[in-house]
$ cat run24.cif   # mmCIF, C-alpha atoms
data_upload
loop_
_atom_site.group_PDB
_atom_site.id
_atom_site.type_symbol
_atom_site.label_atom_id
_atom_site.label_comp_id
_atom_site.auth_asym_id
_atom_site.auth_seq_id
_atom_site.Cartn_x
_atom_site.Cartn_y
_atom_site.Cartn_z
ATOM 1 C CA MET A 1 -87.713 -87.355 13.998
ATOM 2 C CA ARG A 2 -89.118 -84.333 15.698
ATOM 3 C CA VAL A 3 -88.850 -80.597 15.046
ATOM 4 C CA VAL A 4 -89.811 -77.590 17.074
ATOM 5 C CA ILE A 5 -90.274 -74.720 14.644
ATOM 6 C CA GLN A 6 -90.343 -71.193 15.993
ATOM 7 C CA ARG A 7 -91.161 -68.126 13.933
ATOM 8 C CA VAL A 8 -88.528 -65.610 14.968
ATOM 9 C CA LYS A 9 -87.667 -61.967 14.508
ATOM 10 C CA GLN A 10 -84.044 -62.946 15.100
ATOM 11 C CA SER A 11 -82.059 -65.858 16.444
ATOM 12 C CA SER A 12 -78.437 -66.795 17.024
ATOM 13 C CA VAL A 13 -76.196 -69.568 18.306
ATOM 14 C CA THR A 14 -73.031 -69.008 20.327
ATOM 15 C CA VAL A 15 -70.456 -71.714 21.113
ATOM 16 C CA ASN A 16 -67.612 -71.012 23.557
ATOM 17 C CA GLY A 17 -68.284 -67.280 23.395
ATOM 18 C CA GLU A 18 -68.204 -67.177 19.581
ATOM 19 C CA LYS A 19 -71.347 -66.505 17.553
ATOM 20 C CA VAL A 20 -71.488 -69.313 14.970
ATOM 21 C CA ALA A 21 -74.875 -68.527 13.389
ATOM 22 C CA SER A 22 -77.310 -65.659 13.241
ATOM 23 C CA ILE A 23 -80.539 -64.959 11.352
ATOM 24 C CA GLU A 24 -83.142 -62.243 11.184
ATOM 25 C CA LYS A 25 -86.817 -62.914 10.330
ATOM 26 C CA GLY A 26 -87.366 -66.593 9.685
ATOM 27 C CA LEU A 27 -87.561 -69.992 11.319
ATOM 28 C CA MET A 28 -85.522 -71.420 14.178
ATOM 29 C CA ILE A 29 -85.732 -75.202 13.791
ATOM 30 C CA LEU A 30 -84.747 -77.442 16.693
ATOM 31 C CA LEU A 31 -84.182 -80.976 15.374
ATOM 32 C CA GLY A 32 -84.364 -84.174 17.412
ATOM 33 C CA ILE A 33 -83.396 -87.525 15.893
ATOM 34 C CA GLU A 34 -84.168 -91.026 17.140
ATOM 35 C CA PRO A 35 -82.535 -94.326 16.062
ATOM 36 C CA ALA A 36 -85.444 -95.434 13.840
ATOM 37 C CA ASP A 37 -85.335 -92.277 11.703
ATOM 38 C CA THR A 38 -84.559 -92.483 7.989
ATOM 39 C CA SER A 39 -84.310 -90.268 4.928
ATOM 40 C CA ALA A 40 -88.100 -90.526 4.609
ATOM 41 C CA ASP A 41 -88.451 -88.700 7.945
ATOM 42 C CA VAL A 42 -86.026 -86.037 6.730
ATOM 43 C CA ASP A 43 -87.984 -85.572 3.487
ATOM 44 C CA TYR A 44 -91.304 -85.285 5.313
ATOM 45 C CA LEU A 45 -90.120 -82.724 7.858
ATOM 46 C CA CYS A 46 -88.130 -80.632 5.391
ATOM 47 C CA GLY A 47 -91.141 -80.389 3.096
ATOM 48 C CA LYS A 48 -93.425 -79.457 5.980
ATOM 49 C CA ALA A 49 -91.051 -76.850 7.391
ATOM 50 C CA ALA A 50 -90.409 -75.199 4.025
ATOM 51 C CA ARG A 51 -94.125 -74.988 3.163
ATOM 52 C CA LEU A 52 -95.516 -74.237 6.633
ATOM 53 C CA ARG A 53 -97.693 -71.131 6.277
ATOM 54 C CA ILE A 54 -97.080 -69.308 9.549
ATOM 55 C CA PHE A 55 -96.146 -65.830 8.327
ATOM 56 C CA ASP A 56 -98.724 -63.078 7.896
ATOM 57 C CA ASP A 57 -100.022 -62.039 4.509
ATOM 58 C CA GLU A 58 -101.148 -58.496 3.681
ATOM 59 C CA ASN A 59 -104.389 -59.106 5.634
ATOM 60 C CA GLY A 60 -102.628 -60.231 8.793
ATOM 61 C CA VAL A 61 -103.553 -63.889 8.235
ATOM 62 C CA MET A 62 -100.900 -66.593 8.641
ATOM 63 C CA ASN A 63 -100.884 -67.602 4.996
ATOM 64 C CA LYS A 64 -97.245 -67.348 3.854
ATOM 65 C CA SER A 65 -94.260 -69.659 4.178
ATOM 66 C CA VAL A 66 -90.699 -68.721 5.073
ATOM 67 C CA CYS A 67 -89.950 -68.887 1.336
ATOM 68 C CA ASP A 68 -92.794 -66.493 0.506
ATOM 69 C CA VAL A 69 -91.505 -63.831 2.920
ATOM 70 C CA GLY A 70 -87.819 -64.130 2.035
ATOM 71 C CA GLY A 71 -87.021 -65.386 5.514
ATOM 72 C CA GLU A 72 -83.997 -67.188 6.877
ATOM 73 C CA LEU A 73 -83.472 -70.583 8.526
ATOM 74 C CA LEU A 74 -81.467 -71.670 11.552
ATOM 75 C CA VAL A 75 -81.235 -75.421 12.274
ATOM 76 C CA VAL A 76 -79.996 -76.639 15.661
ATOM 77 C CA SER A 77 -79.678 -80.270 16.760
ATOM 78 C CA GLN A 78 -81.373 -80.981 20.083
ATOM 79 C CA PHE A 79 -81.312 -84.532 21.437
ATOM 80 C CA THR A 80 -83.394 -83.459 24.455
ATOM 81 C CA LEU A 81 -86.498 -83.406 22.231
ATOM 82 C CA PHE A 82 -86.622 -87.158 22.861
ATOM 83 C CA ALA A 83 -86.374 -86.946 26.643
ATOM 84 C CA GLN A 84 -88.394 -89.552 28.520
ATOM 85 C CA THR A 85 -89.878 -88.134 31.694
ATOM 86 C CA SER A 86 -92.362 -90.830 32.722
ATOM 87 C CA ARG A 87 -90.215 -92.219 35.540
ATOM 88 C CA GLY A 88 -88.732 -90.011 38.210
ATOM 89 C CA ASN A 89 -87.508 -86.467 37.775
ATOM 90 C CA ARG A 90 -84.300 -87.036 35.846
ATOM 91 C CA PRO A 91 -85.028 -87.282 32.113
ATOM 92 C CA SER A 92 -83.691 -90.239 30.168
ATOM 93 C CA TYR A 93 -82.328 -89.653 26.667
ATOM 94 C CA ILE A 94 -82.202 -93.283 25.607
ATOM 95 C CA ARG A 95 -84.651 -92.549 22.739
ATOM 96 C CA ALA A 96 -82.263 -90.025 21.162
ATOM 97 C CA ALA A 97 -80.058 -91.324 18.363
ATOM 98 C CA ARG A 98 -76.348 -91.762 18.996
ATOM 99 C CA PRO A 99 -74.040 -89.473 17.000
ATOM 100 C CA GLU A 100 -73.167 -92.155 14.415
ATOM 101 C CA ILE A 101 -76.845 -92.194 13.378
ATOM 102 C CA ALA A 102 -77.791 -88.614 14.201
ATOM 103 C CA ILE A 103 -74.965 -86.705 12.499
ATOM 104 C CA PRO A 104 -75.593 -88.043 8.954
ATOM 105 C CA LEU A 105 -79.346 -87.438 9.328
ATOM 106 C CA TYR A 106 -78.761 -83.937 10.718
ATOM 107 C CA GLU A 107 -76.488 -83.132 7.773
ATOM 108 C CA GLU A 108 -79.049 -84.587 5.361
ATOM 109 C CA PHE A 109 -81.767 -82.445 6.968
ATOM 110 C CA VAL A 110 -79.664 -79.304 6.490
ATOM 111 C CA GLN A 111 -79.073 -80.153 2.803
ATOM 112 C CA LYS A 112 -82.691 -81.080 2.104
ATOM 113 C CA ILE A 113 -84.221 -78.074 3.856
ATOM 114 C CA GLU A 114 -82.106 -75.946 1.533
ATOM 115 C CA SER A 115 -83.354 -77.894 -1.488
ATOM 116 C CA ALA A 116 -86.969 -77.694 -0.310
ATOM 117 C CA SER A 117 -86.881 -73.981 0.518
ATOM 118 C CA GLY A 118 -84.181 -72.476 -1.677
ATOM 119 C CA ILE A 119 -82.764 -70.924 1.506
ATOM 120 C CA THR A 120 -79.260 -71.770 2.723
ATOM 121 C CA PRO A 121 -79.719 -72.501 6.430
ATOM 122 C CA GLN A 122 -77.462 -71.344 9.209
ATOM 123 C CA THR A 123 -76.648 -74.108 11.697
ATOM 124 C CA GLY A 124 -75.598 -74.687 15.238
ATOM 125 C CA GLN A 125 -72.685 -76.984 16.042
ATOM 126 C CA PHE A 126 -73.716 -80.621 16.446
ATOM 127 C CA GLY A 127 -72.949 -81.978 19.914
ATOM 128 C CA ALA A 128 -71.657 -78.683 21.301
ATOM 129 C CA MET A 129 -72.961 -76.855 24.329
ATOM 130 C CA MET A 130 -74.725 -73.966 22.610
ATOM 131 C CA ASP A 131 -76.241 -70.719 23.814
ATOM 132 C CA VAL A 132 -79.316 -70.183 21.663
ATOM 133 C CA GLU A 133 -80.968 -66.789 21.642
ATOM 134 C CA LEU A 134 -84.173 -65.886 19.883
ATOM 135 C CA ILE A 135 -86.980 -63.420 19.765
ATOM 136 C CA ASN A 136 -90.056 -65.545 19.122
ATOM 137 C CA ASP A 137 -92.406 -63.669 16.784
ATOM 138 C CA GLY A 138 -95.986 -64.053 17.966
ATOM 139 C CA PRO A 139 -95.117 -66.286 19.707
ATOM 140 C CA VAL A 140 -95.574 -68.937 17.038
ATOM 141 C CA THR A 141 -94.196 -72.387 17.899
ATOM 142 C CA ILE A 142 -95.098 -75.559 15.990
ATOM 143 C CA ILE A 143 -94.073 -79.123 16.934
ATOM 144 C CA ILE A 144 -94.057 -81.786 14.222
ATOM 145 C CA ASP A 145 -93.146 -85.438 14.715
ATOM 146 C CA SER A 146 -92.572 -87.492 11.570
ATOM 147 C CA LYS A 147 -93.939 -90.607 13.295
ATOM 148 C CA MET A 148 -97.234 -88.886 14.145
ATOM 149 C CA LYS A 149 -98.356 -87.628 10.780
ATOM 150 C CA GLU A 150 -101.656 -85.781 10.926
ATOM 151 C CA PHE A 151 -104.023 -86.238 8.021
#

$ encode --input "run24.cif" --output "structure tokens"
Amino acid sequence: MRVVIQRVKQSSVTVNGEKVASIEKGLMILLGIEPADTSADVDYLCGKAARLRIFDDENGVMNKSVCDVGGELLVVSQFTLFAQTSRGNRPSYIRAARPEIAIPLYEEFVQKIESASGITPQTGQFGAMMDVELINDGPVTIIIDSKMKEF
């Protein structure tokens, strides 16, 4: 499981011309799921995302989490995070989980990020063609892969 976490000033998701989610200051989380992922991957990434200290404290040092600053969360599924580009110029998405695996894990991630952070996340629409807008604050972008834990 892989997340791209972006600290944002605002972010929104539009599907078929209708805005389905919108947040102000907080985290935009793009979530990629592969077939081998389990609830343990969800737990790890939700804990990391909720506690990630990437917001400024009173001294201008990134020392506060999204919870500490009263921020918001927006979670969007993105199978392209598992694109394979080693051969040719057309990415392969064979490493991305099929919907029967990905949807339950995506839904579990949304529930557990709320439990870990105390923040009810906004969400995109799984499997839809989405227009995602954001103003990246910093920019601050963090990539975390549950299979490549750093110690």

$ resolve_selection --input "run24.cif" --expression "the PyMOL selection byres ((chain A and resi 24-40) around 8)" --output "ChimeraX atom specification"
/A:1-11,22-23,41-44,66,71-82,95-98,101-102,105-106,108

$ write_last_selection --input "run24.cif" --atoms "C-alpha atoms" --output "compact mmCIF listing (two decimals), keeping the file's coordinate frame"
# COMPACT_ATOMS: atom_id res chain seq x y z
CA MET A 1 -87.71 -87.36 14.00
CA ARG A 2 -89.12 -84.33 15.70
CA VAL A 3 -88.85 -80.60 15.05
CA VAL A 4 -89.81 -77.59 17.07
CA ILE A 5 -90.27 -74.72 14.64
CA GLN A 6 -90.34 -71.19 15.99
CA ARG A 7 -91.16 -68.13 13.93
CA VAL A 8 -88.53 -65.61 14.97
CA LYS A 9 -87.67 -61.97 14.51
CA GLN A 10 -84.04 -62.95 15.10
CA SER A 11 -82.06 -65.86 16.44
CA SER A 22 -77.31 -65.66 13.24
CA ILE A 23 -80.54 -64.96 11.35
CA ASP A 41 -88.45 -88.70 7.94
CA VAL A 42 -86.03 -86.04 6.73
CA ASP A 43 -87.98 -85.57 3.49
CA TYR A 44 -91.30 -85.28 5.31
CA VAL A 66 -90.70 -68.72 5.07
CA GLY A 71 -87.02 -65.39 5.51
CA GLU A 72 -84.00 -67.19 6.88
CA LEU A 73 -83.47 -70.58 8.53
CA LEU A 74 -81.47 -71.67 11.55
CA VAL A 75 -81.24 -75.42 12.27
CA VAL A 76 -80.00 -76.64 15.66
CA SER A 77 -79.68 -80.27 16.76
CA GLN A 78 -81.37 -80.98 20.08
CA PHE A 79 -81.31 -84.53 21.44
CA THR A 80 -83.39 -83.46 24.46
CA LEU A 81 -86.50 -83.41 22.23
CA PHE A 82 -86.62 -87.16 22.86
CA ARG A 95 -84.65 -92.55 22.74
CA ALA A 96 -82.26 -90.02 21.16
CA ALA A 97 -80.06 -91.32 18.36
CA ARG A 98 -76.35 -91.76 19.00
CA ILE A 101 -76.84 -92.19 13.38
CA ALA A 102 -77.79 -88.61 14.20
CA LEU A 105 -79.35 -87.44 9.33
CA TYR A 106 -78.76 -83.94 10.72
CA GLU A 108 -79.05 -84.59 5.36

$ closest_residue --input "run24.cif" --among "A:Glu107, A:Asp137, A:Glu18, A:Glu100" --to "Phe55 of chain A" --atoms "all atoms listed in the file"
A:Asp137

$ closest_residue --input "run24.cif" --among "A:Ser86, A:Ser65, A:Thr141, A:Asn59" --to "Gly47 of chain A" --atoms "all atoms listed in the file"
A:Ser65

$ atom_distance --input "run24.cif" --atom1 "atom CA of Ser117 of chain A" --atom2 "atom CA of Met130 of chain A"
25.2 Å

$ resolve_selection --input "run24.cif" --expression "the PyMOL selection byres ((chain A and resi 15) around 12)" --output "ChimeraX atom specification"
/A:12-14,16-21,123-133

$ atom_distance --input "run24.cif" --atom1 "atom CA of Asp68 of chain A" --atom2 "atom CA of Gly118 of chain A"
10.7 Å

$ residues_around --input "run24.cif" --residues "Asn63 of chain A" --least-positions-apart "4" --cutoff "8 Å" --atoms "all atoms listed in the file" --output "PyMOL selection string"
chain A and resi 53-57
